[in-house]
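Below is run-v4.csv, holding CSV, C-alpha atoms.
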```csv
chain,number,residue,atom,x,y,z
A,27,MET,CA,2.6,76.0,-84.0
A,28,ALA,CA,0.3,78.7,-85.3
A,29,VAL,CA,3.2,81.1,-85.3
A,30,LEU,CA,5.3,78.6,-87.2
A,31,VAL,CA,2.7,78.2,-89.9
A,32,ASP,CA,2.3,81.9,-90.1
A,33,LEU,CA,6.0,82.4,-90.5
A,34,LEU,CA,6.3,79.7,-93.2
A,35,SER,CA,3.3,81.3,-95.0
A,36,TRP,CA,5.0,84.7,-94.7
A,37,VAL,CA,8.2,83.4,-96.2
A,38,LEU,CA,6.4,81.6,-99.1
A,39,LEU,CA,4.3,84.7,-99.9
A,40,MET,CA,7.4,87.0,-99.9
A,41,ALA,CA,9.3,84.6,-102.1
A,42,GLY,CA,6.4,84.3,-104.5
A,43,SER,CA,6.1,88.1,-104.7
A,44,LEU,CA,9.9,88.4,-105.3
A,45,PHE,CA,9.7,85.8,-108.2
A,46,CYS,CA,6.6,87.5,-109.6
A,47,VAL,CA,8.4,90.9,-109.7
A,48,THR,CA,11.5,89.2,-111.1
A,49,GLY,CA,9.4,87.8,-113.9
A,50,GLY,CA,7.7,91.1,-114.6
A,51,ILE,CA,11.1,92.9,-114.8
A,52,GLY,CA,12.4,90.2,-117.1
A,53,LEU,CA,9.3,90.7,-119.2
A,54,ILE,CA,10.4,94.3,-119.8
A,55,ARG,CA,14.2,94.2,-119.7
A,56,LEU,CA,15.1,91.0,-121.6
A,57,PRO,CA,16.3,91.7,-125.1
A,58,ASP,CA,14.6,89.0,-127.2
A,59,PHE,CA,11.2,87.5,-127.5
A,60,PHE,CA,12.3,84.1,-126.5
A,61,CYS,CA,14.2,85.5,-123.5
A,62,ARG,CA,10.9,87.2,-122.5
A,63,VAL,CA,9.1,83.9,-122.7
A,64,HIS,CA,11.7,82.6,-120.2
A,65,GLY,CA,11.0,85.6,-117.9
A,66,ALA,CA,7.3,85.2,-118.1
A,67,SER,CA,7.6,81.5,-117.3
A,68,VAL,CA,9.2,82.3,-114.0
A,69,LEU,CA,6.1,84.3,-113.1
A,70,ASP,CA,3.9,81.6,-114.4
A,71,SER,CA,5.4,78.6,-112.6
A,72,LEU,CA,7.5,79.6,-109.6
A,73,GLY,CA,5.7,82.8,-108.5
A,74,THR,CA,2.3,81.1,-108.8
A,75,ILE,CA,3.3,78.0,-106.9
A,76,LEU,CA,4.9,79.9,-104.0
A,77,LEU,CA,2.1,82.5,-103.7
A,78,LEU,CA,-0.7,79.9,-103.7
A,79,LEU,CA,1.2,77.7,-101.2
A,80,GLY,CA,1.5,80.6,-98.9
A,81,LEU,CA,-2.2,81.3,-99.3
A,82,MET,CA,-3.1,77.7,-98.6
A,83,LEU,CA,-1.2,77.8,-95.3
A,84,GLN,CA,-3.2,80.9,-94.4
A,85,ALA,CA,-6.5,79.3,-95.2
A,86,GLY,CA,-6.1,76.0,-93.3
A,87,LEU,CA,-8.2,73.0,-94.0
A,88,THR,CA,-11.2,74.6,-95.5
A,89,LEU,CA,-13.0,74.8,-98.8
A,90,VAL,CA,-10.8,77.7,-99.8
A,91,THR,CA,-7.8,75.5,-99.7
A,92,LEU,CA,-9.5,73.0,-102.0
A,93,LYS,CA,-10.2,75.8,-104.5
A,94,LEU,CA,-6.6,77.1,-104.2
A,95,ILE,CA,-5.4,73.5,-105.0
A,96,LEU,CA,-7.6,73.4,-108.0
A,97,ILE,CA,-6.3,76.8,-109.2
A,98,LEU,CA,-2.7,75.6,-108.6
A,99,LEU,CA,-3.3,72.4,-110.5
A,100,PHE,CA,-4.9,74.2,-113.4
A,101,LEU,CA,-2.2,76.9,-113.6
A,102,PHE,CA,0.5,74.3,-113.3
A,103,LEU,CA,-0.9,72.4,-116.3
A,104,THR,CA,-1.8,75.3,-118.5
A,105,GLY,CA,1.0,77.8,-117.9
A,106,PRO,CA,3.8,75.9,-119.4
A,107,THR,CA,1.5,74.6,-122.2
A,108,ALA,CA,0.6,78.1,-123.2
A,109,MET,CA,4.2,79.2,-123.1
A,110,HIS,CA,5.3,76.3,-125.2
A,111,ALA,CA,2.5,77.0,-127.7
A,112,LEU,CA,3.4,80.6,-127.8
A,113,ALA,CA,7.1,80.0,-128.4
A,114,ARG,CA,6.3,77.4,-131.0
A,115,ALA,CA,3.9,79.6,-132.8
A,116,ALA,CA,6.5,82.4,-132.8
A,117,LEU,CA,9.2,80.1,-134.2
A,118,HIS,CA,6.7,78.8,-136.8
A,119,GLY,CA,5.7,82.3,-137.7
A,120,GLY,CA,9.2,83.3,-138.7
A,121,MET,CA,10.7,84.8,-135.6
A,122,LYS,CA,14.3,83.8,-135.1
A,123,PRO,CA,16.1,83.8,-131.8
A,124,ASP,CA,18.4,86.8,-131.5
A,125,VAL,CA,21.8,85.1,-131.2
A,126,ALA,CA,24.6,87.5,-130.4
A,127,ALA,CA,27.6,87.7,-132.7
A,128,ASP,CA,30.2,86.8,-130.1
A,129,THR,CA,28.6,83.5,-129.3
A,130,ASP,CA,28.9,82.2,-132.8
A,131,GLU,CA,32.3,80.6,-132.3
A,132,VAL,CA,31.1,78.9,-129.1
A,133,ALA,CA,28.1,77.4,-130.8
A,134,PRO,CA,28.7,74.3,-132.9
B,14,MET,CA,1.9,90.7,-95.7
B,15,PHE,CA,-1.1,90.4,-98.1
B,16,ALA,CA,-0.6,94.1,-98.9
B,17,ILE,CA,3.0,93.5,-100.0
B,18,ALA,CA,1.9,90.6,-102.2
B,19,THR,CA,-0.9,92.8,-103.6
B,20,LEU,CA,1.6,95.6,-104.3
B,21,ALA,CA,4.0,93.2,-106.0
B,22,LEU,CA,1.2,91.8,-108.2
B,23,PHE,CA,0.2,95.4,-109.1
B,24,VAL,CA,3.8,96.0,-110.2
B,25,VAL,CA,3.8,92.8,-112.3
B,26,MET,CA,0.5,93.8,-113.9
B,27,SER,CA,1.8,97.2,-114.8
B,28,LEU,CA,5.0,95.8,-116.3
B,29,ALA,CA,3.0,93.3,-118.3
B,30,LEU,CA,0.7,96.0,-119.5
B,31,LEU,CA,3.7,98.1,-120.5
B,32,ARG,CA,5.1,95.2,-122.5
B,33,GLY,CA,1.8,94.8,-124.2
B,34,LEU,CA,1.8,98.4,-125.2
B,35,ILE,CA,5.4,98.6,-126.5
B,36,GLY,CA,5.7,95.0,-127.7
B,37,PRO,CA,7.3,95.0,-131.1
B,38,SER,CA,5.7,91.9,-132.4
B,39,ILE,CA,2.3,90.4,-132.0
B,40,TYR,CA,3.7,87.5,-130.0
B,41,ASP,CA,5.1,89.9,-127.4
B,42,ARG,CA,1.6,91.2,-127.0
B,43,VAL,CA,0.1,87.7,-126.6
B,44,LEU,CA,2.8,86.9,-124.0
B,45,ALA,CA,2.0,90.1,-122.1
B,46,LEU,CA,-1.7,89.2,-122.2
B,47,ASN,CA,-1.0,85.7,-120.8
B,48,SER,CA,1.3,87.1,-118.0
B,49,PHE,CA,-1.3,89.8,-117.2
B,50,GLY,CA,-4.0,87.1,-116.9
B,51,THR,CA,-1.9,85.0,-114.6
B,52,ALA,CA,-1.1,88.0,-112.4
B,53,THR,CA,-4.8,88.8,-112.3
B,54,VAL,CA,-5.6,85.3,-111.1
B,55,LEU,CA,-3.1,85.6,-108.3
B,56,PHE,CA,-4.3,89.1,-107.6
B,57,ILE,CA,-7.9,88.0,-107.1
B,58,ALA,CA,-6.8,85.2,-104.8
B,59,VAL,CA,-4.6,87.5,-102.7
B,60,LEU,CA,-7.3,90.3,-102.6
B,61,GLY,CA,-9.8,87.9,-101.1
B,62,PHE,CA,-7.4,87.2,-98.2
B,63,LEU,CA,-6.5,90.9,-97.9
B,64,SER,CA,-10.2,91.9,-97.5
B,65,GLY,CA,-10.7,89.1,-95.0
B,66,ARG,CA,-13.3,87.3,-97.1
B,67,PRO,CA,-11.6,84.6,-99.2
B,68,ASP,CA,-14.7,83.8,-101.2
B,69,PHE,CA,-13.5,84.9,-104.6
B,70,MET,CA,-11.6,81.8,-105.5
B,71,ASP,CA,-14.3,80.8,-108.0
B,72,LEU,CA,-13.7,84.0,-109.9
B,73,ALA,CA,-9.9,83.3,-109.9
B,74,MET,CA,-10.5,79.7,-111.2
B,75,LEU,CA,-12.8,81.0,-113.9
B,76,TYR,CA,-10.4,83.7,-114.9
B,77,ALA,CA,-7.6,81.1,-115.2
B,78,LEU,CA,-9.7,79.0,-117.5
B,79,ILE,CA,-10.7,82.0,-119.7
B,80,ASN,CA,-7.1,83.1,-119.8
B,81,PHE,CA,-5.8,79.8,-121.1
B,82,ILE,CA,-8.5,79.5,-123.7
B,83,GLY,CA,-8.1,83.1,-124.8
B,84,THR,CA,-4.4,82.8,-125.2
B,85,LEU,CA,-4.7,79.7,-127.4
B,86,ALA,CA,-7.5,81.2,-129.4
B,87,VAL,CA,-5.5,84.4,-130.2
B,88,LEU,CA,-2.5,82.3,-131.1
B,89,LYS,CA,-4.5,80.1,-133.4
B,90,PHE,CA,-6.1,83.1,-135.0
B,91,PHE,CA,-2.8,84.7,-135.7
B,92,GLN,CA,-1.2,81.5,-136.9
B,93,PHE,CA,-4.0,80.4,-139.3
B,94,GLY,CA,-6.0,83.5,-139.9
B,95,SER,CA,-9.2,82.0,-138.7
B,96,LEU,CA,-10.7,80.2,-135.7
B,97,GLY,CA,-12.7,77.6,-137.7
B,98,ASP,CA,-11.8,75.1,-140.3
B,99,THR,CA,-8.9,76.3,-142.4
B,100,ALA,CA,-8.9,73.6,-145.1
B,101,THR,CA,-11.6,75.1,-147.4
B,102,ASP,CA,-10.2,78.5,-148.5
B,103,ASP,CA,-11.1,78.3,-152.1
B,104,ASN,CA,-13.0,81.5,-152.1
B,105,PRO,CA,-12.4,83.5,-148.9
B,106,GLU,CA,-15.1,86.0,-149.8
B,107,GLU,CA,-17.8,83.6,-148.9
B,108,GLN,CA,-16.4,83.0,-145.4
B,109,GLN,CA,-16.8,86.6,-144.4
B,110,ASN,CA,-20.3,86.2,-143.1
```

In structure tokens, what does this structure look like?
Amino acid sequence: MAVLVDLLSWVLLMAGSLFCVTGGIGLIRLPDFFCRVHGASVLDSLGTILLLLGLMLQAGLTLVTLKLILILLFLFLTGPTAMHALARAALHGGMKPDVAADTDEVAP
Amino acid sequence: MFAIATLALFVVMSLALLRGLIGPSIYDRVLALNSFGTATVLFIAVLGFLSGRPDFMDLAMLYALINFIGTLAVLKFFQFGSLGDTATDDNPEEQQN
């Protein structure tokens, strides 16, 4: 049973690390600001959830798990809120999404 | 396995710092700041487990709070030009104190 929990925690930690690195690479490589918001949201939501779940499985039923749950709840509430506020502020501040020329005939 | 997660978070923090340095607009820099803060919260949490003493979760919680408030404060400052009331801007020289 302990080996099973350890294995599950390992898988969750590795998946969280993978999504974190994916979000970081997207933060550098994506061409537009609004695309970069999408890349950072992957790091903010999926990477955070998977990493903290893996840590919770490692900690067991202790006070550390309670603190990890609090961190997870807080990040889960504030991460998308901050991203939404950021994208809205950028759109309000005059940044336009960089739409490519060859997608113009597809768009209505 | 905590070492691998720590290394991955190091990479993410470096990439976010790079985006903050080369970011063309101010919103790119704010985005990099927010991502760097999130990666730091996760880094503190993983580092506690890596060193065998997971007692730093309070620091991670506090850093998450400060990160959110800081992001919104910087956004509001760049959107409105001030952090306080923006209605009374008859003579902006008086508000410089």

(Q) Near chain B, meaning an atom within 8 Å, which residues of chain A appear when counting all atoms listed in the file? Write them as a VMD selection string. (A) chain A and resid 36 39 to 40 43 to 44 46 to 47 49 to 51 53 to 54 59 63 66 69 to 70 74 77 to 78 81 90 93 to 94 96 to 97 100 to 101 104 to 105 108 to 109 111 to 112 115 to 116 119

Q: Can you work out the spacing between atom CA of Val31 of chain A and atom CA of Gln84 of chain A in Å, to one decimal?
A: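 So the two atoms, atom CA of Val31 of chain A and atom CA of Gln84 of chain A, lie 7.9 Å apart.
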
Q | Nearest-residue call for His118 of chain A, choices B:Phe93, B:Ile57, B:Ser64, B:Leu46, using only C-alpha atoms | A | B:Phe93

Q: Please indicate the distance in Å from atom CA of Pro106 of chain A to atom CA of Arg42 of chain B, rounded to one decimal place.
A: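 Computed distance, atom CA of Pro106 of chain A to atom CA of Arg42 of chain B, equals 17.2 Å.
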
Q: Find the residues around Pro123 of chain A up to 9 Å (only C-alpha atoms counted), leave out those fewer than 5 positions away in its own chain, and share them as a list in words.
A: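 Contacts, in chain order: Asp58, Phe59, Phe60, Cys61 and Leu117 of chain A.
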
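Minimum atom-to-atom distance to His64 of chain A, evaluated using only C-alpha atoms, belongs to A:His110 out of A:Leu34, A:His110, A:Ala28, A:Gly80.
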
Q | Two-atom distance - atom CA of Leu89 of chain A, atom CA of Asp32 of chain A (Å) | A | 19.0 Å
